[in-house]
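Enquirer: structure-v3.pdb is reproduced in full below (PDB, C-alpha atoms and all ligand atoms).
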```pdb
ATOM      1  CA  MET C   1    -120.503  10.524  -2.526
ATOM      2  CA  ALA C   2    -118.396   8.861  -5.247
ATOM      3  CA  MET C   3    -116.563  12.165  -5.792
ATOM      4  CA  GLU C   4    -115.990  12.465  -2.082
ATOM      5  CA  ALA C   5    -114.469   8.991  -2.043
ATOM      6  CA  GLU C   6    -112.288   9.889  -5.051
ATOM      7  CA  LYS C   7    -111.066  13.043  -3.323
ATOM      8  CA  THR C   8    -110.188  11.109  -0.205
ATOM      9  CA  LYS C   9    -108.244   8.610  -2.286
ATOM     10  CA  LYS C  10    -106.289  11.458  -3.941
ATOM     11  CA  GLU C  11    -105.556  13.112  -0.608
ATOM     12  CA  GLN C  12    -104.311   9.848   0.799
ATOM     13  CA  LYS C  13    -102.029   9.349  -2.201
ATOM     14  CA  GLN C  14    -100.297  12.713  -1.947
ATOM     15  CA  PRO C  15     -97.910  12.074   0.964
ATOM     16  CA  SER C  16     -96.481   8.918  -0.630
ATOM     17  CA  GLU C  17     -96.061  10.726  -3.964
ATOM     18  CA  LYS C  18     -94.135  13.456  -2.166
ATOM     19  CA  LYS C  19     -91.903  10.879  -0.509
ATOM     20  CA  GLN C  20     -91.115   9.409  -3.917
ATOM     21  CA  GLU C  21     -89.711  12.692  -5.309
ATOM     22  CA  VAL C  22     -86.518  11.720  -7.129
ATOM     23  CA  VAL C  23     -83.469  13.939  -6.522
ATOM     24  CA  ILE C  24     -80.867  11.754  -8.271
ATOM     25  CA  ALA C  25     -81.834   9.635 -11.302
ATOM     26  CA  ILE C  26     -79.167   7.481 -12.950
ATOM     27  CA  LYS C  27     -80.127   5.471 -16.036
ATOM     28  CA  GLY C  28     -77.884   3.132 -18.027
ATOM     29  CA  LEU C  29     -74.721   4.902 -16.852
ATOM     30  CA  LYS C  30     -71.544   3.756 -18.564
ATOM     31  CA  LYS C  31     -67.951   4.843 -17.927
ATOM     32  CA  SER C  32     -64.733   3.298 -19.159
ATOM     33  CA  PHE C  33     -61.080   4.225 -18.772
ATOM     34  CA  GLY C  34     -59.361   2.910 -21.896
ATOM     35  CA  GLU C  35     -60.169  -0.785 -22.133
ATOM     36  CA  LYS C  36     -61.369  -0.863 -18.538
ATOM     37  CA  HIS C  37     -65.174  -0.827 -18.470
ATOM     38  CA  VAL C  38     -65.776   0.353 -14.919
ATOM     39  CA  LEU C  39     -69.480   1.263 -15.054
ATOM     40  CA  LYS C  40     -71.404  -0.944 -17.474
ATOM     41  CA  ASN C  41     -75.031  -0.228 -16.739
ATOM     42  CA  ILE C  42     -75.826   1.651 -13.545
ATOM     43  CA  ASN C  43     -79.450   2.426 -12.704
ATOM     44  CA  LEU C  44     -80.298   4.160  -9.455
ATOM     45  CA  GLU C  45     -82.865   6.556  -8.075
ATOM     46  CA  VAL C  46     -82.431   8.427  -4.819
ATOM     47  CA  HIS C  47     -85.539   9.992  -3.334
ATOM     48  CA  ARG C  48     -85.803  13.153  -1.286
ATOM     49  CA  GLY C  49     -84.910  12.481   2.341
ATOM     50  CA  GLU C  50     -83.562   9.008   1.590
ATOM     51  CA  ASN C  51     -80.202   7.501   2.586
ATOM     52  CA  VAL C  52     -78.921   4.984   0.033
ATOM     53  CA  VAL C  53     -75.879   2.882   0.866
ATOM     54  CA  ILE C  54     -73.721   1.483  -1.944
ATOM     55  CA  LEU C  55     -71.796  -1.661  -1.093
ATOM     56  CA  GLY C  56     -69.228  -3.202  -3.393
ATOM     57  CA  ARG C  57     -65.724  -4.560  -3.524
ATOM     58  CA  SER C  58     -62.803  -2.165  -3.904
ATOM     59  CA  GLY C  59     -62.326  -0.852  -7.400
ATOM     60  CA  THR C  60     -65.865  -1.617  -8.613
ATOM     61  CA  GLY C  61     -66.537   2.020  -9.474
ATOM     62  CA  LYS C  62     -68.441   3.407  -6.501
ATOM     63  CA  SER C  63     -66.367   6.588  -6.408
ATOM     64  CA  VAL C  64     -66.581   6.927 -10.196
ATOM     65  CA  THR C  65     -70.395   6.890  -9.849
ATOM     66  CA  ILE C  66     -70.217   9.746  -7.342
ATOM     67  CA  GLN C  67     -67.884  11.725  -9.600
ATOM     68  CA  CYS C  68     -70.390  11.384 -12.454
ATOM     69  CA  ILE C  69     -73.143  12.733 -10.169
ATOM     70  CA  VAL C  70     -71.232  15.952  -9.489
ATOM     71  CA  GLY C  71     -69.962  16.331 -13.045
ATOM     72  CA  MET C  72     -66.296  15.719 -12.196
ATOM     73  CA  LEU C  73     -66.329  12.853 -14.715
ATOM     74  CA  LYS C  74     -68.286  12.741 -17.968
ATOM     75  CA  PRO C  75     -70.217   9.527 -18.610
ATOM     76  CA  ASP C  76     -69.620   7.613 -21.862
ATOM     77  CA  GLY C  77     -73.292   6.713 -22.016
ATOM     78  CA  GLY C  78     -76.565   6.874 -20.133
ATOM     79  CA  SER C  79     -78.038   9.664 -18.086
ATOM     80  CA  VAL C  80     -77.360  11.248 -14.684
ATOM     81  CA  LYS C  81     -79.972  13.746 -13.598
ATOM     82  CA  VAL C  82     -79.819  15.717 -10.376
ATOM     83  CA  PHE C  83     -82.937  17.665  -9.397
ATOM     84  CA  GLY C  84     -84.262  16.777 -12.867
ATOM     85  CA  ASP C  85     -81.351  18.277 -14.846
ATOM     86  CA  GLU C  86     -78.842  16.319 -16.932
ATOM     87  CA  VAL C  87     -75.436  16.851 -15.289
ATOM     88  CA  ALA C  88     -73.449  16.241 -18.513
ATOM     89  CA  ASP C  89     -75.299  19.136 -20.197
ATOM     90  CA  MET C  90     -74.569  21.672 -17.441
ATOM     91  CA  SER C  91     -72.324  24.669 -18.003
ATOM     92  CA  GLU C  92     -69.462  25.377 -15.566
ATOM     93  CA  LYS C  93     -71.691  27.965 -13.878
ATOM     94  CA  GLU C  94     -74.538  25.471 -13.485
ATOM     95  CA  LEU C  95     -72.142  22.836 -12.156
ATOM     96  CA  LYS C  96     -70.842  25.300  -9.591
ATOM     97  CA  ALA C  97     -74.406  26.012  -8.459
ATOM     98  CA  LEU C  98     -75.143  22.275  -8.333
ATOM     99  CA  ARG C  99     -72.078  21.589  -6.187
ATOM    100  CA  ILE C 100     -73.308  24.075  -3.597
ATOM    101  CA  LYS C 101     -76.415  21.920  -3.198
ATOM    102  CA  ILE C 102     -74.328  18.754  -2.889
ATOM    103  CA  GLY C 103     -72.050  18.221   0.103
ATOM    104  CA  PHE C 104     -69.212  15.692   0.175
ATOM    105  CA  LEU C 105     -67.581  13.905   3.026
ATOM    106  CA  PHE C 106     -64.379  12.325   1.820
ATOM    107  CA  GLN C 107     -62.422   9.611   3.618
ATOM    108  CA  SER C 108     -59.854  12.016   5.000
ATOM    109  CA  GLY C 109     -62.390  14.551   6.258
ATOM    110  CA  ALA C 110     -60.396  16.985   4.093
ATOM    111  CA  LEU C 111     -59.708  19.707   6.658
ATOM    112  CA  TYR C 112     -57.098  22.386   6.043
ATOM    113  CA  ASP C 113     -54.307  21.565   8.504
ATOM    114  CA  SER C 114     -53.091  25.155   8.834
ATOM    115  CA  MET C 115     -56.510  26.462   9.937
ATOM    116  CA  THR C 116     -58.365  26.066  13.222
ATOM    117  CA  VAL C 117     -61.640  24.167  13.242
ATOM    118  CA  ARG C 118     -63.479  27.513  13.310
ATOM    119  CA  GLU C 119     -61.553  28.790  10.276
ATOM    120  CA  ASN C 120     -62.148  25.526   8.432
ATOM    121  CA  LEU C 121     -65.885  25.953   8.922
ATOM    122  CA  GLU C 122     -65.864  29.651   8.053
ATOM    123  CA  PHE C 123     -64.203  28.895   4.741
ATOM    124  CA  PRO C 124     -67.273  27.560   2.830
ATOM    125  CA  LEU C 125     -69.443  30.300   4.316
ATOM    126  CA  THR C 126     -67.203  33.167   3.223
ATOM    127  CA  ARG C 127     -65.722  31.658   0.031
ATOM    128  CA  VAL C 128     -68.641  29.678  -1.333
ATOM    129  CA  LEU C 129     -71.754  31.369   0.045
ATOM    130  CA  LYS C 130     -70.002  34.792   0.191
ATOM    131  CA  ILE C 131     -71.509  35.573   3.599
ATOM    132  CA  LYS C 132     -69.978  38.674   5.172
ATOM    133  CA  ASP C 133     -72.088  39.173   8.289
ATOM    134  CA  ARG C 134     -69.862  38.269  11.280
ATOM    135  CA  ASP C 135     -72.765  37.331  13.566
ATOM    136  CA  GLU C 136     -74.270  34.990  10.987
ATOM    137  CA  ILE C 137     -70.881  33.338  10.386
ATOM    138  CA  ASP C 138     -70.319  32.804  14.121
ATOM    139  CA  ARG C 139     -73.866  31.498  14.633
ATOM    140  CA  ARG C 140     -73.655  29.016  11.759
ATOM    141  CA  VAL C 141     -70.193  27.759  12.756
ATOM    142  CA  GLU C 142     -71.351  27.198  16.327
ATOM    143  CA  GLU C 143     -74.607  25.529  15.251
ATOM    144  CA  ALA C 144     -72.832  23.155  12.866
ATOM    145  CA  LEU C 145     -70.237  22.190  15.465
ATOM    146  CA  ASP C 146     -72.919  21.764  18.103
ATOM    147  CA  SER C 147     -74.892  19.413  15.880
ATOM    148  CA  VAL C 148     -71.862  17.094  15.585
ATOM    149  CA  GLY C 149     -71.006  17.465  19.303
ATOM    150  CA  LEU C 150     -67.725  19.305  18.719
ATOM    151  CA  LEU C 151     -68.315  22.808  20.015
ATOM    152  CA  GLU C 152     -65.539  22.525  22.590
ATOM    153  CA  ALA C 153     -62.966  21.970  19.810
ATOM    154  CA  ILE C 154     -63.823  25.182  17.935
ATOM    155  CA  ASP C 155     -60.395  26.801  18.406
ATOM    156  CA  LYS C 156     -58.306  23.651  18.057
ATOM    157  CA  MET C 157     -56.070  22.751  15.122
ATOM    158  CA  PRO C 158     -56.975  19.603  13.124
ATOM    159  CA  SER C 159     -53.689  18.006  14.296
ATOM    160  CA  ASP C 160     -54.974  18.217  17.892
ATOM    161  CA  LEU C 161     -58.089  16.180  17.046
ATOM    162  CA  SER C 162     -58.590  12.416  17.102
ATOM    163  CA  GLY C 163     -59.638  10.634  13.888
ATOM    164  CA  GLY C 164     -63.276  10.605  14.993
ATOM    165  CA  MET C 165     -63.200  14.302  15.895
ATOM    166  CA  ARG C 166     -61.637  15.159  12.530
ATOM    167  CA  LYS C 167     -64.418  13.258  10.830
ATOM    168  CA  ARG C 168     -67.002  15.163  12.885
ATOM    169  CA  ALA C 169     -65.349  18.477  11.975
ATOM    170  CA  GLY C 170     -65.392  17.441   8.295
ATOM    171  CA  LEU C 171     -69.055  16.586   8.637
ATOM    172  CA  ALA C 172     -69.773  19.967  10.273
ATOM    173  CA  ARG C 173     -68.019  21.672   7.367
ATOM    174  CA  THR C 174     -70.127  19.675   4.923
ATOM    175  CA  ILE C 175     -73.475  20.495   6.554
ATOM    176  CA  ILE C 176     -72.738  24.159   7.282
ATOM    177  CA  VAL C 177     -73.798  25.174   3.751
ATOM    178  CA  GLU C 178     -77.043  23.202   4.238
ATOM    179  CA  PRO C 179     -76.674  20.894   1.226
ATOM    180  CA  GLN C 180     -79.765  19.089  -0.033
ATOM    181  CA  ILE C 181     -77.727  16.038  -0.979
ATOM    182  CA  ILE C 182     -74.713  14.619   0.870
ATOM    183  CA  LEU C 183     -72.317  12.134  -0.724
ATOM    184  CA  TYR C 184     -70.308  10.160   1.823
ATOM    185  CA  ASP C 185     -67.224   8.297   0.557
ATOM    186  CA  GLU C 186     -66.324   5.700   3.187
ATOM    187  CA  PRO C 187     -67.220   7.896   6.165
ATOM    188  CA  THR C 188     -66.122   5.419   8.850
ATOM    189  CA  THR C 189     -62.958   4.000   7.280
ATOM    190  CA  GLY C 190     -60.000   4.068   9.662
ATOM    191  CA  LEU C 191     -62.118   4.576  12.780
ATOM    192  CA  ASP C 192     -62.548   2.137  15.666
ATOM    193  CA  PRO C 193     -65.945   0.363  15.941
ATOM    194  CA  ILE C 194     -67.339   2.671  18.642
ATOM    195  CA  THR C 195     -66.344   5.871  16.849
ATOM    196  CA  SER C 196     -67.621   4.407  13.562
ATOM    197  CA  ARG C 197     -70.960   3.808  15.191
ATOM    198  CA  GLU C 198     -71.061   7.395  16.466
ATOM    199  CA  ILE C 199     -70.403   8.695  12.938
ATOM    200  CA  SER C 200     -73.110   6.401  11.510
ATOM    201  CA  ASP C 201     -75.545   7.672  14.158
ATOM    202  CA  LEU C 202     -74.600  11.236  13.194
ATOM    203  CA  ILE C 203     -75.242  10.541   9.501
ATOM    204  CA  LEU C 204     -78.696   9.330  10.473
ATOM    205  CA  SER C 205     -79.391  12.318  12.725
ATOM    206  CA  ILE C 206     -78.292  14.781   9.999
ATOM    207  CA  GLN C 207     -80.681  13.082   7.567
ATOM    208  CA  LYS C 208     -83.555  13.425  10.030
ATOM    209  CA  LYS C 209     -82.715  16.988  11.093
ATOM    210  CA  GLN C 210     -81.806  18.524   7.738
ATOM    211  CA  LYS C 211     -84.009  16.260   5.548
ATOM    212  CA  THR C 212     -81.045  15.557   3.278
ATOM    213  CA  SER C 213     -80.814  12.808   0.661
ATOM    214  CA  SER C 214     -77.578  10.855   0.761
ATOM    215  CA  ILE C 215     -75.473   8.296  -1.000
ATOM    216  CA  ILE C 216     -73.148   6.547   1.403
ATOM    217  CA  ILE C 217     -70.319   4.442   0.013
ATOM    218  CA  THR C 218     -69.070   2.107   2.680
ATOM    219  CA  HIS C 219     -67.568  -1.284   3.469
ATOM    220  CA  ASP C 220     -68.823  -0.923   7.061
ATOM    221  CA  MET C 221     -71.902  -3.129   7.427
ATOM    222  CA  GLU C 222     -72.774  -1.577  10.795
ATOM    223  CA  CYS C 223     -72.828   1.844   9.091
ATOM    224  CA  ALA C 224     -75.058   0.362   6.361
ATOM    225  CA  ARG C 225     -77.389  -1.099   8.983
ATOM    226  CA  ILE C 226     -77.647   2.131  10.993
ATOM    227  CA  ALA C 227     -77.708   4.786   8.287
ATOM    228  CA  SER C 228     -79.473   3.225   5.281
ATOM    229  CA  ASP C 229     -83.058   3.351   4.138
ATOM    230  CA  ARG C 230     -81.998   1.260   1.161
ATOM    231  CA  VAL C 231     -78.890  -0.654   0.168
ATOM    232  CA  VAL C 232     -77.614  -1.410  -3.331
ATOM    233  CA  ILE C 233     -74.829  -3.844  -4.072
ATOM    234  CA  MET C 234     -72.462  -3.156  -6.943
ATOM    235  CA  ASP C 235     -70.561  -5.864  -8.759
ATOM    236  CA  ASP C 236     -68.757  -5.863 -12.096
ATOM    237  CA  GLY C 237     -70.049  -2.448 -13.187
ATOM    238  CA  GLU C 238     -73.709  -3.051 -12.347
ATOM    239  CA  TYR C 239     -76.034  -3.017  -9.369
ATOM    240  CA  ILE C 240     -76.900  -6.632  -8.724
ATOM    241  CA  ALA C 241     -79.156  -6.302  -5.687
ATOM    242  CA  GLU C 242     -81.257  -3.671  -3.985
ATOM    243  CA  GLY C 243     -83.448  -3.599  -0.889
ATOM    244  CA  THR C 244     -83.566  -2.605   2.741
ATOM    245  CA  PHE C 245     -80.722  -3.843   4.915
ATOM    246  CA  ASP C 246     -82.999  -6.495   6.415
ATOM    247  CA  GLU C 247     -84.291  -7.646   3.027
ATOM    248  CA  LEU C 248     -80.769  -8.120   1.681
ATOM    249  CA  HIS C 249     -79.673  -9.746   4.931
ATOM    250  CA  LYS C 250     -82.249 -12.484   4.288
ATOM    251  CA  SER C 251     -81.297 -12.871   0.607
ATOM    252  CA  LYS C 252     -80.347 -16.349  -0.605
ATOM    253  CA  GLU C 253     -78.144 -14.910  -3.401
ATOM    254  CA  LYS C 254     -74.546 -16.012  -2.892
ATOM    255  CA  ILE C 255     -72.887 -12.654  -3.676
ATOM    256  CA  VAL C 256     -75.368 -10.760  -1.486
ATOM    257  CA  GLY C 257     -74.917 -13.280   1.330
ATOM    258  CA  SER C 258     -71.148 -12.795   1.240
ATOM    259  CA  TYR C 259     -71.579  -9.197   2.460
ATOM    260  CA  PHE C 260     -73.774 -10.264   5.361
ATOM    261  CA  LYS C 261     -71.932 -13.396   6.448
ATOM    262  CA  ASP C 262     -70.576 -11.829   9.661
ATOM    263  CA  ILE C 263     -73.858 -10.133  10.585
ATOM    264  CA  SER C 264     -75.978 -11.907  13.199
TER     265      SER C 264
HETATM  266  N1  LIG C 301     -59.713   9.186 -13.433
HETATM  267  C1  LIG C 301     -59.458   7.876 -13.624
HETATM  268  N2  LIG C 301     -58.651   7.464 -14.620
HETATM  269  C2  LIG C 301     -58.422   6.164 -14.831
HETATM  270  N3  LIG C 301     -58.945   5.152 -14.100
HETATM  271  C3  LIG C 301     -59.751   5.508 -13.084
HETATM  272  C4  LIG C 301     -60.058   6.877 -12.799
HETATM  273  N4  LIG C 301     -60.892   6.930 -11.725
HETATM  274  C5  LIG C 301     -61.098   5.634 -11.372
HETATM  275  N5  LIG C 301     -60.424   4.789 -12.182
HETATM  276  C6  LIG C 301     -60.437   3.330 -12.104
HETATM  277  O1  LIG C 301     -61.778   2.897 -12.011
HETATM  278  C7  LIG C 301     -61.890   1.793 -11.120
HETATM  279  C8  LIG C 301     -62.950   2.082 -10.089
HETATM  280  O2  LIG C 301     -62.482   3.086  -9.181
HETATM  281  P1  LIG C 301     -63.320   3.625  -7.948
HETATM  282  O3  LIG C 301     -62.421   4.555  -7.203
HETATM  283  O4  LIG C 301     -64.627   4.137  -8.387
HETATM  284  O5  LIG C 301     -63.534   2.293  -7.106
HETATM  285  P2  LIG C 301     -64.337   2.117  -5.751
HETATM  286  O6  LIG C 301     -65.400   1.130  -6.005
HETATM  287  O7  LIG C 301     -64.750   3.444  -5.213
HETATM  288  O8  LIG C 301     -63.197   1.480  -4.865
HETATM  289  P3  LIG C 301     -62.793   1.691  -3.328
HETATM  290  O9  LIG C 301     -63.807   0.943  -2.535
HETATM  291  O10 LIG C 301     -61.432   1.065  -3.270
HETATM  292  O11 LIG C 301     -62.767   3.166  -3.064
HETATM  293  C9  LIG C 301     -60.502   1.546 -10.544
HETATM  294  O12 LIG C 301     -59.927   0.479 -11.217
HETATM  295  C10 LIG C 301     -59.756   2.829 -10.846
HETATM  296  O13 LIG C 301     -58.409   2.563 -11.063
END
```
As structure tokens - that is how I would like this structure written.
Expert:
Amino acid sequence: MAMEAEKTKKEQKQPSEKKQEVVIAIKGLKKSFGEKHVLKNINLEVHRGENVVILGRSGTGKSVTIQCIVGMLKPDGGSVKVFGDEVADMSEKELKALRIKIGFLFQSGALYDSMTVRENLEFPLTRVLKIKDRDEIDRRVEEALDSVGLLEAIDKMPSDLSGGMRKRAGLARTIIVEPQIILYDEPTTGLDPITSREISDLILSIQKKQKTSSIIITHDMECARIASDRVVIMDDGEYIAEGTFDELHKSKEKIVGSYFKDIS
């Protein structure tokens, strides 16, 4: 009977343990540029299937953190592990393989202006994944565009798209390689409030559909509210607060409160 009870306890524990699987683990991360100590002591864990939003004033080192995660910058101290492996110790080949598992969405959407939307989406399939099968390429391009609601723009040039559509196309190009992690650098910057909301909703739907883990750098509190499971606030090279959007919203800390002052 006691064993039975023990077994039940173990079985009940398993799902939460699975949810806690860490895909990005940052410990004591430090990065300086000359005398400028940008990252002083960053500690962050991102779990599988979790969306973490990083808030912070301009120039506090949010983008530098992301660049350390993908090995574009080498930390001066501390540890950055992705899927359990230390990024700073990876060879160029290992970094290349890692970057296939990590998708980016940069502010600009980063589309090639001289290519149609279709060609922009084909690019990572043929160049990165080396897929040659025409039917598979067409199917994946159409599926990715469909999931961001942009199928009708497949043969358009980026210059014919609105800012929101360009962002959607950029997002389709990010998800087409089915990354396990997506890093969003200010995904709604420059968009009007309604379009921003649509992009935030899309970020959430991609997380649910593709079970991705994400870090979302944003100044857009509505995006943070919609898309985050957890929010961290960065100030002076460290994370000074962490919690769900609602938990931080209720915080009595002055710096935390300053981010939420316009939120009802
Ligand atoms: N490669 C680099 N060489 C020198 N200084 C750099 C480099 N990359 C970033 N910095 C400096 O590090 C600081 C943090 O930059 P970062 O782009 O991470 O800020 P951020 O928090 O993402 O800001 P924003 O919200 O404006 O994008 C800035 O002062 C920047 O000038």
Enquirer: Please return as a PyMOL selection string the residues found within 7 Å of ligand LIG 301 (chain C), counting all atoms listed in the file.
Expert: chain C and resi 33+38+56-65
Enquirer: Calculate how many Å separate atom CA of C:Ala144 from atom CA of C:Thr174, rounding to one decimal.
Expert: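 Between atom CA of C:Ala144 and atom CA of C:Thr174 the gap is 9.1 Å.
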Enquirer: Got a sec: who's within 8 Å of stretch 242-244 of chain C, counting all atoms listed in the file, leaving out chain neighbours fewer than 5 positions off, as a PDB file with C-alpha atoms, in the coordinates of the input?
Expert:
```
ATOM      1  CA  SER C 228     -79.473   3.225   5.281  1.00  0.00           C
ATOM      2  CA  ASP C 229     -83.058   3.351   4.138  1.00  0.00           C
ATOM      3  CA  ARG C 230     -81.998   1.260   1.161  1.00  0.00           C
ATOM      4  CA  VAL C 231     -78.890  -0.654   0.168  1.00  0.00           C
ATOM      5  CA  VAL C 232     -77.614  -1.410  -3.331  1.00  0.00           C
ATOM      6  CA  ILE C 233     -74.829  -3.844  -4.072  1.00  0.00           C
TER       7      ILE C 233
END
```
Enquirer: Can you tell me, as a PyMOL selection string, what residues are no more than 12 Å from C:Leu204 when counting all atoms listed in the file, ignoring any on the same chain fewer than 6 positions away?
Expert: chain C and resi 49-53+148+182+197-198+210-216+223-229
Enquirer: Could you give me, as a VMD selection string, the residues within 7 Å of stretch 156-158 of chain C, counting all atoms listed in the file and dropping anything in the same chain fewer than 2 positions from it?
Expert: chain C and resid 113 115 to 117 153 to 154 160 to 161 166
Enquirer: Go ahead and compute the interatomic distance for atom CA of C:Gly237 and atom CA of C:Tyr259, in Å to one decimal.
Expert: 17.1 Å
Enquirer: Any idea what the distance is between atom CA of C:Ala169 and atom CA of C:Glu222?
Expert: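 Atom CA of C:Glu222 lies 21.4 Å from atom CA of C:Ala169.
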Enquirer: I'd like the residues picked by the PyMOL selection byres (((chain C and resi 68) around 10) and not hetatm) written out as a list in words, using the chain letters and numbers from the file.
Expert: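 This file gives the following for the PyMOL selection byres (((chain C and resi 68) around 10) and not hetatm): Ile26, Leu29, Lys30, Lys31, Ser63, Val64, Thr65, Ile66, Gln67, Ile69, Val70, Gly71, Met72, Leu73, Lys74, Pro75, Ser79, Val80, Lys81, Val87 and Ala88 of chain C.
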Enquirer: Find, counting all atoms listed in the file, the residue in C:Leu129, C:Ile100, C:Leu111, C:Val256 that gets nearest to C:Gly163.
Expert: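 With all atoms listed in the file as the atom set, the closest residue is C:Leu111.
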Enquirer: Could you tell me which of C:Glu247, C:Ile24, C:Phe123, C:Ile176 comes closest to C:Val141 if we count all atoms listed in the file?
Expert: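 Among the listed residues, the smallest separation from C:Val141 belongs to C:Ile176.
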Enquirer: Here's a test: counting all atoms listed in the file, identify every protein, DNA and RNA residue with an atom at most 12 Å from (-78.3, -9.5, -8.0) in the file's coordinate frame, and state them as an MDAnalysis selection string.
Expert: chainID C and resid 56 232:236 238:243 248 251:257
Enquirer: Residues near C:Glu142, anyone? I mean within 10 Å using all atoms listed in the file, not counting same-chain ones fewer than 6 positions away, as a PyMOL selection string.
Expert: chain C and resi 118+121+136+150-152+154+172+176
Enquirer: Report as a list in words the residues that result from applying the PyMOL selection byres (((chain C and resi 105) around 7) and not hetatm) to the structure here.
Expert: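 Matching residues under the PyMOL selection byres (((chain C and resi 105) around 7) and not hetatm) are Gly103, Phe104, Phe106, Gln107, Gly109, Gly170, Leu171, Thr174, Leu183, Tyr184, Asp185 and Pro187 of chain C.
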Enquirer: Using all atoms listed in the file - which residues lie no farther than 7 Å from the point (-76.5, 2.5, -15.8) in the file's frame? Write them as an mmCIF file with C-alpha atoms, in the coordinates of the input.
Expert:
```cif
data_model
loop_
_atom_site.group_PDB
_atom_site.id
_atom_site.type_symbol
_atom_site.label_atom_id
_atom_site.label_comp_id
_atom_site.auth_asym_id
_atom_site.auth_seq_id
_atom_site.Cartn_x
_atom_site.Cartn_y
_atom_site.Cartn_z
ATOM 1 C CA ILE C 26 -79.167 7.481 -12.950
ATOM 2 C CA LYS C 27 -80.127 5.471 -16.036
ATOM 3 C CA GLY C 28 -77.884 3.132 -18.027
ATOM 4 C CA LEU C 29 -74.721 4.902 -16.852
ATOM 5 C CA LYS C 30 -71.544 3.756 -18.564
ATOM 6 C CA LYS C 40 -71.404 -0.944 -17.474
ATOM 7 C CA ASN C 41 -75.031 -0.228 -16.739
ATOM 8 C CA ILE C 42 -75.826 1.651 -13.545
ATOM 9 C CA ASN C 43 -79.450 2.426 -12.704
ATOM 10 C CA GLY C 78 -76.565 6.874 -20.133
#
```
Enquirer: Mind filling out stretch 133-145 of chain C with N, CA and C atoms and sending it as a short mmCIF file (atom, residue, chain, number, x, y, z; two decimals), in the frame of the given file?
Expert:
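Contents of result.cif, freshly written:
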```cif
data_model
loop_
_atom_site.label_atom_id
_atom_site.label_comp_id
_atom_site.auth_asym_id
_atom_site.auth_seq_id
_atom_site.Cartn_x
_atom_site.Cartn_y
_atom_site.Cartn_z
N ASP C 133 -71.59 38.78 6.97
CA ASP C 133 -72.09 39.17 8.29
C ASP C 133 -71.43 38.32 9.40
N ARG C 134 -70.64 38.99 10.26
CA ARG C 134 -69.86 38.27 11.28
C ARG C 134 -70.75 37.45 12.22
N ASP C 135 -71.88 38.04 12.62
CA ASP C 135 -72.76 37.33 13.57
C ASP C 135 -73.32 36.07 12.94
N GLU C 136 -73.71 36.17 11.66
CA GLU C 136 -74.27 34.99 10.99
C GLU C 136 -73.21 33.90 10.85
N ILE C 137 -71.97 34.32 10.52
CA ILE C 137 -70.88 33.34 10.39
C ILE C 137 -70.67 32.62 11.72
N ASP C 138 -70.55 33.41 12.80
CA ASP C 138 -70.32 32.80 14.12
C ASP C 138 -71.46 31.86 14.49
N ARG C 139 -72.70 32.31 14.25
CA ARG C 139 -73.87 31.50 14.63
C ARG C 139 -73.86 30.17 13.87
N ARG C 140 -73.60 30.24 12.56
CA ARG C 140 -73.66 29.02 11.76
C ARG C 140 -72.51 28.07 12.10
N VAL C 141 -71.33 28.62 12.37
CA VAL C 141 -70.19 27.76 12.76
C VAL C 141 -70.52 27.04 14.07
N GLU C 142 -71.05 27.80 15.03
CA GLU C 142 -71.35 27.20 16.33
C GLU C 142 -72.48 26.17 16.21
N GLU C 143 -73.50 26.48 15.43
CA GLU C 143 -74.61 25.53 15.25
C GLU C 143 -74.14 24.23 14.61
N ALA C 144 -73.30 24.36 13.58
CA ALA C 144 -72.83 23.16 12.87
C ALA C 144 -71.98 22.29 13.79
N LEU C 145 -71.09 22.96 14.56
CA LEU C 145 -70.24 22.19 15.46
C LEU C 145 -71.06 21.55 16.58
#
```
